[in-house]
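The block underneath contains the structure these notes are about, expressed in structure tokens.
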Amino acid sequence: MISFLKVENLSKHFPVRTGIFHRKEHIVRAVQDVSFELEEGQTLALVGESGCGKTTLAWMLLKLIEPTSGRFWLNGQDVAELTGPDLRQYRTNVQAVFQDPWASLSPRMRVFDIVAEGLRLNDNLSDGAMTKRVDEALCSVGLRPDDGHKFPHEFSGGQRQRIAIASAIVQRPKLIILDEPVSALDVSIRSQIMNLFKDIQSEFGCSYVVVAHDLGTTRYMADRVAVMYLGSLVEFGSTDKMFDAPEHPYTQALLSAALPIQKSDDKPPIVLRGEVPSPVNPPSGCLFHPRCQSFIGDVCSSNAPNWRKSGSADHWVRCHIGTEWG
Amino acid sequence: MGRTARLSRFMLSVPGAAFIVLVIVLIIPALFADLIAPHDPYKANIRSRLEPPFLFGGTTEFILGTDRLGRDVFSRIIHGAKFALGISMVGILLGAVVGTALGLIAGFLRGWWDATIMRAVDITFALPSILLALALASVSGPSFELVIFVVIFVIWGYFARQVRAETLALRELDFVARARVLGASEYRIMWKYILPNIVNTIVVLGTLQIGVVIILEATLSFLGIGIPRPTPAWGLLVADGRQLIVSSWWISFFPGLAILLTVMSVNVLGDALRDVLDPKSRSV
């Protein structure tokens with residue numbers, strides 16, 4: 001069976017030149033060998049600290065930046081090889097909602113034009129059909145067709161995010177990349193927007209890749225979670241398993257640092273030591289070993305752990321604990 | 001606040017006063033020169049040469065006096081407004097179009113384009129414009145086209161720099177990324193996403209350049225490499241009275257005053273416009 005979205009060994013390295021005359025070149029390994037699969041209609045969350053490469057990964061999926069190596073397929077088509085009409089098709093099938101609704105809408109365009117832009121570029125619709133599609137999209141996100149005549153500055157943050165969502169769904173895409181879609185919004189309207197995403201998913205059957213550092217969002221929206229640390233995936237699996245029984249020490253620390261929904265356990269929170277290491281000069285062995293609370297010895301600092309299947313579920317961890325080493 | 005109240009409040013403010021001065025000194029004379037001017041600006045009259053202005057021993061027939069050839073200074077200033085306004089409008093329009101287009105390309109496409117265009121800006125800023133005009137005038141003789149060319153040459157760089165700087169900031173915003181996700185071409189992003197967001201800056205910059213251009217045009221005319229005689233350009237009028245400045249001060253004084261009032265009020269208005277349209281760039 002061909003999986004809906006398949007990502008294989010995707011990496012993105014940025015060269016950074018320093019020194020006089022830009023002689024010294026360093027490589028920032030923003031994303032390193034990331035692989036995962038996503039089924040149609042499902043939601044995958046990418047979680048991790050700021051700077052761990054989540055957004056870089058999302059931008060590669062959007063074809064905003066080219067991967068250094070690795071490939072990914074949508075419906076069995078290698079995205080790097082798309083040209084002409086196939087690329088246009090990809091541009092209709094894959095859409096994005098960005099974090100900051102103040103920066104993601106051009107202040108000089110009317111809402112109608114913002115929403116209609118994708119249709120103008122990729123579909124040959126009559127004016128009537130286009131208006132109908134735009135009005136439908138505005139209604140789906142809880143705005144009125146009249147709002148199309150206004151400019152973005154006449155709306156609040158939550159409403160602006162609704163406009164961004166309308167422009168993302170108007171072409172009926174198969175995959176929508178949500179880059180921190182609610183983190184710039186007031187807490188009071190986050191749940192409304194998250195519910196809107198869920199409604200849209202059940203109505204149109206689209207898939208989501210959500211970039212989030214807010215674990216509440218992740219748990220509510222995602223079917224599967226991929227935990228990233230320093231550009232690499234460290235744990236991948238279903239949301240329930242990830243939240244109930246995380247295996248990787250980093251995931252455990254991340255969950256422990258989140259505010260509990262109800263204060264039930266007496267376990268003290270895990271506080272990580274030190275800073276996230278520089279992706280220019282990543283640690284040897286397991287990337288997480290300098291900060292790991294469960295550090296088990298030399299194997300962690302000398303050998304990079306391989307993926308290991310955990311239990312019977314489709315859950316994968318990259319840690320020496322639980323292997324013959326640990 | 002009603003429309004009338006708002007209008008009267010504007011008229012009483014400093015920019016309002018500047019606007020009134022500008023209308024009286026530059027715009028009305030430029031548009032209705034033939035109706036307002038009491039005399040033919042080109043017609044010499046030996047019998048009434050070097051008449052002093054009214055209230056300084058002259059008559060109401062020549063309110064601002066006459067020059068060496070007996071031409072009415074008042075009429076010549078009024079006709080001169082046409083050239084001041086015309087040259088600054090055409091020059092700034094063309095300079096703004098050239099500078100904006102190149103600034104947009106430099107800021108948006110970066111790389112080779114950016115390096116080449118910005119070095120060209122540096123070169124135009126480094127070349128003394130008066131010297132350039134002198135060199136060109138010695139080849140082609142003074143003409144309107146030459147003045148327009150020098151104006152474009154002097155001002156396009158300001159537009160290019162400012163537009164490039166704003167483009168650099170705008171291109172990183174998410175709405176540009178969103179346009180790329182939708183499959184918009186580079187050209188479309190520049191034209192429909194970046195340009196509409198920098199129009200305010202261009203308008204403000206253009207207004208502030210009017211003063212610069214009027215001074216430049218006057219300077220070139222004063223040096224005899226601008227608008228050819230006997231056209232009554234303001235710079236030429238000032239130059240005409242140069243040798244008689246002690247005895248017949250009015251020949252140079254009143255055209256100079258017209259230049260001063262116009263440039264001052266344009267600058268005040270430009271500042272006010274900037275505060276309204278473009279509060280970010282107050283320090284430019």
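Here's how to read the names in the structure tokens: chain A, B, ... by the order shown, residue numbers from 1 in each chain, ligand numbers from 1 in the order shown.
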Fill in: Exercise: Ile65 (chain A) partners within 12 Å, only C-alpha atoms, chain neighbours under 2 positions left out, as a list of chain:residue names
A:Ser11, A:Lys12, A:His13, A:Phe14, A:Thr55, A:Thr56, A:Leu57, A:Ala58, A:Trp59, A:Met60, A:Leu61, A:Leu62, A:Lys63, A:Pro67, A:Thr68, A:Ser69, A:Ala80, B:Ala177, B:Arg180, B:Val181
Item to complete: Using only C-alpha atoms, find which residues of chain B lie within 9 Å of chain A and jot them down as a PyMOL selection string.
Response: chain B and resi 173-184+192-194+196-197
Fill in: Selection near Leu136 (chain B), 10 Å with only C-alpha atoms, sequence-local residues under 4 positions removed, as a ChimeraX atom specification
/B:130-132,140-142,146,149-150,225
Fill in: Those of region 54-181 of chain B in DSSP strand (DSSP E or B), formatted as a ChimeraX atom specification
/B:54,58,66,72
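Pairwise distance (CA of Lys309 (chain A), CA of Cys286 (chain A)) equals 17.1 Å.
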Worksheet entry | CA of Val276 (chain B) to CA of Val263 (chain B), distance in Å rounded to a single decimal | 20.0 Å
Fill in: Test item: residues at most 9 Å from Thr231 (chain B), only C-alpha atoms, excluding those fewer than 3 positions along its chain, as a ChimeraX atom specification
/B:41-42,76,79-80,83,227-228,236
Please give the complete set of residues from region 10-77 of chain B that DSSP, run on the backbone, assigns to helix (DSSP H, G or I), formatted as a compact mmCIF listing (two decimals) with C-alpha atoms, in the first residue's frame.
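Okay, this is what ended up in selection.txt:
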```txt
# COMPACT_ATOMS: atom_id res chain seq x y z
CA PHE B 10 -6.22 71.15 9.67
CA MET B 11 -6.11 74.63 8.14
CA LEU B 12 -5.15 76.15 11.48
CA VAL B 14 1.27 74.20 10.84
CA PRO B 15 0.92 71.68 7.97
CA GLY B 16 -2.37 73.37 7.11
CA ALA B 17 -0.65 76.74 6.85
CA ALA B 18 2.10 75.14 4.76
CA PHE B 19 -0.55 73.69 2.49
CA ILE B 20 -2.18 77.11 2.01
CA VAL B 21 1.20 78.71 1.26
CA LEU B 22 1.97 75.97 -1.25
CA VAL B 23 -1.35 76.41 -3.00
CA ILE B 24 -0.90 80.19 -3.21
CA VAL B 25 2.78 80.25 -4.21
CA LEU B 26 3.08 77.19 -6.42
CA ILE B 27 -0.11 75.44 -7.44
CA ILE B 28 -2.52 78.25 -8.35
CA PRO B 29 0.16 80.23 -10.26
CA ALA B 30 1.31 77.09 -12.07
CA LEU B 31 -2.20 76.14 -13.16
CA ALA B 33 -0.47 81.56 -14.89
CA ASP B 34 -2.01 83.12 -17.96
CA LEU B 35 -5.07 84.34 -16.05
CA ILE B 36 -3.24 85.75 -13.04
CA ILE B 46 12.87 99.69 -21.91
CA ARG B 47 10.88 102.63 -20.59
CA SER B 48 9.88 100.88 -17.39
CA THR B 60 0.72 99.07 -8.48
CA GLU B 61 1.29 98.38 -12.16
CA PHE B 62 4.45 96.39 -11.27
CA VAL B 73 8.96 90.36 -11.86
CA PHE B 74 5.55 89.34 -10.51
CA SER B 75 4.43 87.90 -13.87
CA ARG B 76 7.73 86.13 -14.34
CA ILE B 77 7.53 84.48 -10.90
```
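Straight-line separation from CA of Ala96 (chain B) to CA of Phe159 (chain B): 6.0 Å.
For the choices A:Arg133, A:Arg219, A:Arg273, A:Arg172, the atom-to-atom distance to Asp244 (chain A) is smallest for A:Arg219 when using only C-alpha atoms.
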Practice prompt. Within 12 Å of Val213 (chain B), counting only C-alpha atoms, which residues show up once you throw out same-chain ones fewer than 2 positions away? Write them as a ChimeraX atom specification, please.
Written response: /B:83-93,95,129,147-156,206-211,215-220,235,259,262-263,266-267
Those same residues, written as a short mmCIF file (atom, residue, chain, number, x, y, z; two decimals), in the first residue's frame with N, CA and C atoms?
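This went into again_36.cif:
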```
data_model
loop_
_atom_site.label_atom_id
_atom_site.label_comp_id
_atom_site.auth_asym_id
_atom_site.auth_seq_id
_atom_site.Cartn_x
_atom_site.Cartn_y
_atom_site.Cartn_z
N PHE B 83 7.18 75.90 -14.32
CA PHE B 83 8.36 75.08 -14.55
C PHE B 83 8.80 74.37 -13.27
N ALA B 84 8.68 75.10 -12.14
CA ALA B 84 9.04 74.47 -10.87
C ALA B 84 8.17 73.25 -10.62
N LEU B 85 6.86 73.43 -10.79
CA LEU B 85 5.93 72.32 -10.54
C LEU B 85 6.10 71.21 -11.57
N GLY B 86 6.15 71.61 -12.84
CA GLY B 86 6.24 70.62 -13.92
C GLY B 86 7.48 69.77 -13.80
N ILE B 87 8.62 70.41 -13.62
CA ILE B 87 9.86 69.65 -13.59
C ILE B 87 9.92 68.76 -12.35
N SER B 88 9.45 69.28 -11.20
CA SER B 88 9.52 68.42 -10.02
C SER B 88 8.54 67.25 -10.15
N MET B 89 7.36 67.47 -10.72
CA MET B 89 6.41 66.36 -10.87
C MET B 89 6.97 65.29 -11.81
N VAL B 90 7.36 65.73 -13.02
CA VAL B 90 7.85 64.75 -14.01
C VAL B 90 9.11 64.06 -13.51
N GLY B 91 10.06 64.85 -12.99
CA GLY B 91 11.32 64.29 -12.53
C GLY B 91 11.12 63.29 -11.40
N ILE B 92 10.28 63.67 -10.43
CA ILE B 92 10.07 62.78 -9.28
C ILE B 92 9.31 61.54 -9.70
N LEU B 93 8.33 61.71 -10.55
CA LEU B 93 7.57 60.55 -11.02
C LEU B 93 8.51 59.54 -11.69
N GLY B 95 11.83 59.43 -11.53
CA GLY B 95 12.84 58.96 -10.57
C GLY B 95 12.26 57.91 -9.64
N SER B 129 26.42 65.90 -8.73
CA SER B 129 25.42 66.03 -9.77
C SER B 129 25.61 67.31 -10.59
N VAL B 147 17.63 68.76 -17.60
CA VAL B 147 17.25 68.98 -16.20
C VAL B 147 16.52 67.75 -15.66
N ILE B 148 15.58 67.23 -16.45
CA ILE B 148 14.84 66.04 -16.01
C ILE B 148 15.79 64.87 -15.78
N PHE B 149 16.73 64.71 -16.71
CA PHE B 149 17.68 63.60 -16.57
C PHE B 149 18.50 63.73 -15.29
N VAL B 150 18.98 64.95 -15.03
CA VAL B 150 19.79 65.14 -13.82
C VAL B 150 18.93 64.89 -12.58
N VAL B 151 17.68 65.34 -12.61
CA VAL B 151 16.79 65.12 -11.46
C VAL B 151 16.63 63.62 -11.20
N ILE B 152 16.34 62.86 -12.26
CA ILE B 152 16.19 61.41 -12.09
C ILE B 152 17.47 60.82 -11.53
N PHE B 153 18.59 61.24 -12.09
CA PHE B 153 19.88 60.72 -11.68
C PHE B 153 20.14 60.97 -10.19
N VAL B 154 19.74 62.16 -9.73
CA VAL B 154 20.01 62.50 -8.33
C VAL B 154 19.06 61.78 -7.38
N ILE B 155 17.78 61.62 -7.75
CA ILE B 155 16.84 61.12 -6.74
C ILE B 155 16.56 59.63 -6.79
N TRP B 156 16.84 58.93 -7.88
CA TRP B 156 16.39 57.53 -7.94
C TRP B 156 17.01 56.68 -6.84
N GLY B 206 8.52 60.81 -2.10
CA GLY B 206 8.32 61.68 -3.25
C GLY B 206 8.00 63.10 -2.84
N THR B 207 7.13 63.26 -1.84
CA THR B 207 6.78 64.60 -1.36
C THR B 207 8.01 65.31 -0.79
N LEU B 208 8.79 64.57 -0.01
CA LEU B 208 9.98 65.18 0.59
C LEU B 208 11.02 65.54 -0.47
N GLN B 209 10.97 64.87 -1.62
CA GLN B 209 11.96 65.16 -2.66
C GLN B 209 11.59 66.41 -3.47
N ILE B 210 10.34 66.87 -3.38
CA ILE B 210 9.94 68.04 -4.19
C ILE B 210 10.86 69.21 -3.87
N GLY B 211 11.09 69.45 -2.58
CA GLY B 211 11.96 70.55 -2.18
C GLY B 211 13.35 70.41 -2.77
N ILE B 215 15.09 73.01 -5.57
CA ILE B 215 16.39 73.64 -5.32
C ILE B 215 17.38 73.25 -6.42
N LEU B 216 17.36 71.96 -6.79
CA LEU B 216 18.29 71.48 -7.82
C LEU B 216 18.03 72.18 -9.14
N GLU B 217 16.75 72.26 -9.49
CA GLU B 217 16.39 72.91 -10.76
C GLU B 217 16.82 74.38 -10.73
N ALA B 218 16.59 75.05 -9.60
CA ALA B 218 16.97 76.45 -9.47
C ALA B 218 18.48 76.60 -9.57
N THR B 219 19.20 75.66 -8.94
CA THR B 219 20.67 75.73 -8.97
C THR B 219 21.17 75.58 -10.40
N LEU B 220 20.64 74.59 -11.10
CA LEU B 220 21.09 74.37 -12.47
C LEU B 220 20.77 75.58 -13.34
N GLY B 235 15.22 79.85 -10.78
CA GLY B 235 16.67 79.94 -10.63
C GLY B 235 17.26 80.98 -11.56
N ILE B 259 11.04 80.48 -3.95
CA ILE B 259 11.71 79.19 -3.77
C ILE B 259 11.68 78.79 -2.30
N THR B 262 8.15 77.80 -1.08
CA THR B 262 7.72 76.52 -1.65
C THR B 262 8.44 75.35 -0.98
N VAL B 263 9.76 75.45 -0.90
CA VAL B 263 10.54 74.33 -0.37
C VAL B 263 10.19 74.10 1.10
N VAL B 266 6.67 72.56 1.35
CA VAL B 266 6.67 71.17 0.87
C VAL B 266 7.29 70.26 1.92
N ASN B 267 8.37 70.71 2.55
CA ASN B 267 9.02 69.87 3.56
C ASN B 267 8.14 69.68 4.78
#
```
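You can rank A:His315, A:Asp214, A:Lys132, A:Leu143 by their closest distance to Phe155 (chain A) using only C-alpha atoms, and at the top of that list sits A:Leu143.
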Worksheet item: Using only C-alpha atoms, which of the listed residues (B:Phe144, B:Tyr158, B:Tyr187, B:Phe108) sits closest to Thr124 (chain B)?
Response: B:Tyr158
